[in-house]
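Undergrad: Sharing a structure here in structure tokens format.
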Protein chains: 2
Amino acid sequence: MNDEFIHKWKSQVKKGTLAFIILNVLKDNKFYGYELIEEVRKFTSIEIAEGTLYPLMNRLKKEELVVSEWVEQNSGIPRKYYSLTTIGEETLIEMTSYWSELEKAINKISK
Amino acid sequence: MNDEFIHKWKSQVKKGTLAFIILNVLKDNKFYGYELIEEVRKFTSIEIAEGTLYPLMNRLKKEELVVSEWVEQNSGIPRKYYSLTTIGEETLIEMTSYWSELEKAINKISK
DNA sequence: ACATAATACATAGTTATGCAATGTATATTT
DNA sequence: AAATATACATTGCATAACTATGTATTATGT
């Protein structure tokens, strides 16, 4: 009966987590938007809605954590590939450090 | 320079995480609001603003995950003690399971 | 041939929540 | 007497995920 609560909670947990996940996936890799959604689904069983991803990528671009480049395909729609900037890499390091603390803290509390 | 971004990001990560932390702290324990803030600060170095905690506790009460009772003090302001309900305990178990998955997924991605 | 699904991008509006600012009241410290 | 700490609470703002919707191309099924 509180499935509704759990559902909303998971959505809230994603706030912030998604940016962290995307930056991690882009570390040492280039991916285009649609591919990022699939990649995250495979690795984490987390579903990212398209209406979530594209605004997110635009925020990350505006903050200069990622850059994008259009790549024409032999057939089909051109793809916009994203990759980390230096700022993006530095930010990811700080985020990783915070996440690690959070992980430890929750493990300490929840046992 | 992107301290601003990091700051906002941490705030976003707290969305959802805080409810999970609070429910964990209340497992097998009773705490009053102000004490919860101190408890979390001690264990996690996470700062919860009062303007965050009290609305959060009211939401958790409305969702019937916690109950509260006023306890008069020999001196000073009466304290409102919170404790988990059965629904709260069940919900915490589901949350723990999701969190554990998320933790694994991020560890997989970030290495 | 035609419809459906999958790929690939994007935006507008809704909703939820952390936080700063502000307020009330009591107790303790300087 | 003033400042700080304790203890509750609310209002308004900013942020971000999600649903719904839209455009366009290619592949698959009947």
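By convention in this document, the chains of the structure tokens carry letters A, B, ... by their order, each chain's residues are numbered from 1, and ligands are numbered from 1 in the order they are shown.
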Using only C-alpha atoms (C1' of nucleotides), find the residues of chain A whose closest atom to chain C is at most 10 Å away, then write them as a list of chain:residue names.
TA: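 That gives the following set of residues: A:Lys8, A:Trp9, A:Ser11, A:Gln12, A:Tyr32, A:Gly33, A:Tyr34, A:Glu35, A:Glu50, A:Gly51, A:Tyr54, A:Pro55, A:Gly76, A:Ile77, A:Pro78, A:Arg79, A:Lys80.
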Undergrad: Restricted to N, CA and C atoms, what would the selected residues look like written as a CSV table (one decimal), in the first residue's frame?
TA:
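Result file result13.csv:
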```csv
chain,number,residue,atom,x,y,z
A,8,LYS,N,7.9,7.2,-5.1
A,8,LYS,CA,8.3,8.6,-5.0
A,8,LYS,C,9.7,8.8,-4.4
A,9,TRP,N,9.9,8.0,-3.4
A,9,TRP,CA,11.2,8.0,-2.8
A,9,TRP,C,12.3,7.7,-3.7
A,11,SER,N,12.4,8.0,-6.8
A,11,SER,CA,12.5,9.2,-7.8
A,11,SER,C,13.3,10.3,-7.1
A,12,GLN,N,13.1,10.5,-5.8
A,12,GLN,CA,13.9,11.5,-5.1
A,12,GLN,C,15.3,11.2,-5.0
A,32,TYR,N,26.4,8.7,-26.8
A,32,TYR,CA,25.4,9.6,-27.1
A,32,TYR,C,24.2,9.3,-26.3
A,33,GLY,N,23.2,10.3,-26.2
A,33,GLY,CA,22.2,10.3,-25.3
A,33,GLY,C,21.4,9.0,-25.1
A,34,TYR,N,20.9,8.5,-26.2
A,34,TYR,CA,20.1,7.3,-26.2
A,34,TYR,C,20.9,6.1,-25.6
A,35,GLU,N,22.1,6.1,-26.0
A,35,GLU,CA,23.0,5.1,-25.6
A,35,GLU,C,23.3,5.1,-24.1
A,50,GLU,N,13.6,9.8,-21.0
A,50,GLU,CA,14.3,10.7,-22.0
A,50,GLU,C,14.1,12.1,-21.5
A,51,GLY,N,12.9,12.4,-21.0
A,51,GLY,CA,12.6,13.7,-20.5
A,51,GLY,C,13.5,14.1,-19.3
A,54,TYR,N,17.8,14.4,-21.3
A,54,TYR,CA,18.2,15.5,-22.2
A,54,TYR,C,18.3,16.9,-21.4
A,55,PRO,N,17.4,17.2,-20.6
A,55,PRO,CA,17.6,18.4,-19.7
A,55,PRO,C,18.8,18.2,-18.8
A,76,GLY,N,20.5,7.0,-40.9
A,76,GLY,CA,19.8,7.3,-39.7
A,76,GLY,C,20.1,8.7,-39.2
A,77,ILE,N,19.6,9.0,-38.0
A,77,ILE,CA,19.6,10.3,-37.4
A,77,ILE,C,21.0,10.6,-36.8
A,78,PRO,N,21.6,11.7,-37.0
A,78,PRO,CA,22.9,12.0,-36.4
A,78,PRO,C,22.9,11.9,-34.9
A,79,ARG,N,24.0,11.5,-34.3
A,79,ARG,CA,24.0,11.3,-32.8
A,79,ARG,C,24.9,12.4,-32.2
A,80,LYS,N,24.4,12.8,-31.0
A,80,LYS,CA,25.2,13.8,-30.2
A,80,LYS,C,26.0,13.1,-29.1
```
Undergrad: Taking only C-alpha atoms (C1' of nucleotides) into account and nothing else, which residues of chain D lie no more than 7 Å away from chain A? Please answer as a VMD selection string.
TA: chain D and resid 16 to 18 25 to 26
Undergrad: Residues of chain A within 10 Å of chain B, counting only C-alpha atoms, what are they? List them as a VMD selection string.
TA: chain A and resid 1 to 3 5 to 6 8 to 27 40 42 to 46 60 63 to 65 87 to 88 90 to 92 94 to 96 98 to 111
Undergrad: Using the chain letters and numbers from this document, which residues of chain B does DSSP assign to alpha helix (DSSP H), as an NGL selection string?
TA: :B and (3-26 or 33-44 or 50-62 or 86-110)
Undergrad: So the first atom is CA of Thr86 (chain B) and the second is CA of Val67 (chain B); what is the distance between them in Å, to one decimal place?
TA: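 Between CA of Thr86 (chain B) and CA of Val67 (chain B) the gap is 10.3 Å.
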Undergrad: Residues within 8 Å of Tyr81 (chain B), please, as a ChimeraX atom specification. Count only C-alpha atoms (C1' of nucleotides); anything in the same chain fewer than 2 positions from it doesn't count.
TA: /B:30-33,68-71,79,83
Undergrad: Write a file of the selected residues as a compact mmCIF listing (two decimals), in the first residue's frame, keeping C-alpha atoms.
TA:
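Result file follows (again22.txt):
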```
# COMPACT_ATOMS: atom_id res chain seq x y z
CA LYS B 30 13.31 7.06 19.96
CA PHE B 31 14.61 10.53 19.29
CA TYR B 32 13.19 14.05 19.34
CA GLY B 33 13.65 16.42 16.43
CA SER B 68 5.25 11.13 17.68
CA GLU B 69 4.48 11.78 21.32
CA TRP B 70 5.04 14.89 23.39
CA VAL B 71 7.14 14.34 26.50
CA ARG B 79 10.08 17.38 23.39
CA SER B 83 9.48 6.32 16.64
```
Undergrad: Hey, what does DSSP flag as strand (DSSP E) within region 60-108 of chain A? Can you give it to me as a tab-separated table (two decimals) with N, CA and C atoms, in the first residue's frame?
TA:
```tsv
chain	number	residue	atom	x	y	z
A	66	VAL	N	30.54	18.65	-19.21
A	66	VAL	CA	30.62	17.82	-20.43
A	66	VAL	C	30.59	18.71	-21.66
A	67	VAL	N	31.08	18.17	-22.76
A	67	VAL	CA	30.91	18.81	-24.07
A	67	VAL	C	30.23	17.80	-24.99
A	68	SER	N	29.63	18.32	-26.06
A	68	SER	CA	28.98	17.41	-27.00
A	68	SER	C	29.40	17.73	-28.42
A	69	GLU	N	29.35	16.73	-29.27
A	69	GLU	CA	29.62	16.95	-30.69
A	69	GLU	C	28.69	16.08	-31.52
A	70	TRP	N	28.12	16.67	-32.56
A	70	TRP	CA	27.25	15.92	-33.45
A	70	TRP	C	28.11	15.02	-34.34
A	71	VAL	N	27.69	13.78	-34.48
A	71	VAL	CA	28.37	12.86	-35.39
A	71	VAL	C	27.35	12.31	-36.39
A	79	ARG	N	23.99	11.55	-34.28
A	79	ARG	CA	24.04	11.34	-32.83
A	79	ARG	C	24.89	12.42	-32.17
A	80	LYS	N	24.43	12.82	-30.98
A	80	LYS	CA	25.19	13.82	-30.23
A	80	LYS	C	26.00	13.11	-29.15
A	81	TYR	N	27.29	13.07	-29.34
A	81	TYR	CA	28.18	12.37	-28.40
A	81	TYR	C	28.65	13.30	-27.29
A	82	TYR	N	28.60	12.79	-26.07
A	82	TYR	CA	29.04	13.57	-24.91
A	82	TYR	C	30.35	13.02	-24.35
A	83	SER	N	31.19	13.93	-23.85
A	83	SER	CA	32.40	13.49	-23.14
A	83	SER	C	32.73	14.47	-22.03
A	84	LEU	N	33.50	14.02	-21.05
A	84	LEU	CA	33.84	14.84	-19.90
A	84	LEU	C	34.86	15.92	-20.26
```
Undergrad: One decimal, in Å: what's the spacing between CA of Ser97 (chain B) and CA of Glu38 (chain B)?
TA: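 Separation between CA of Ser97 (chain B) and CA of Glu38 (chain B): 26.2 Å.
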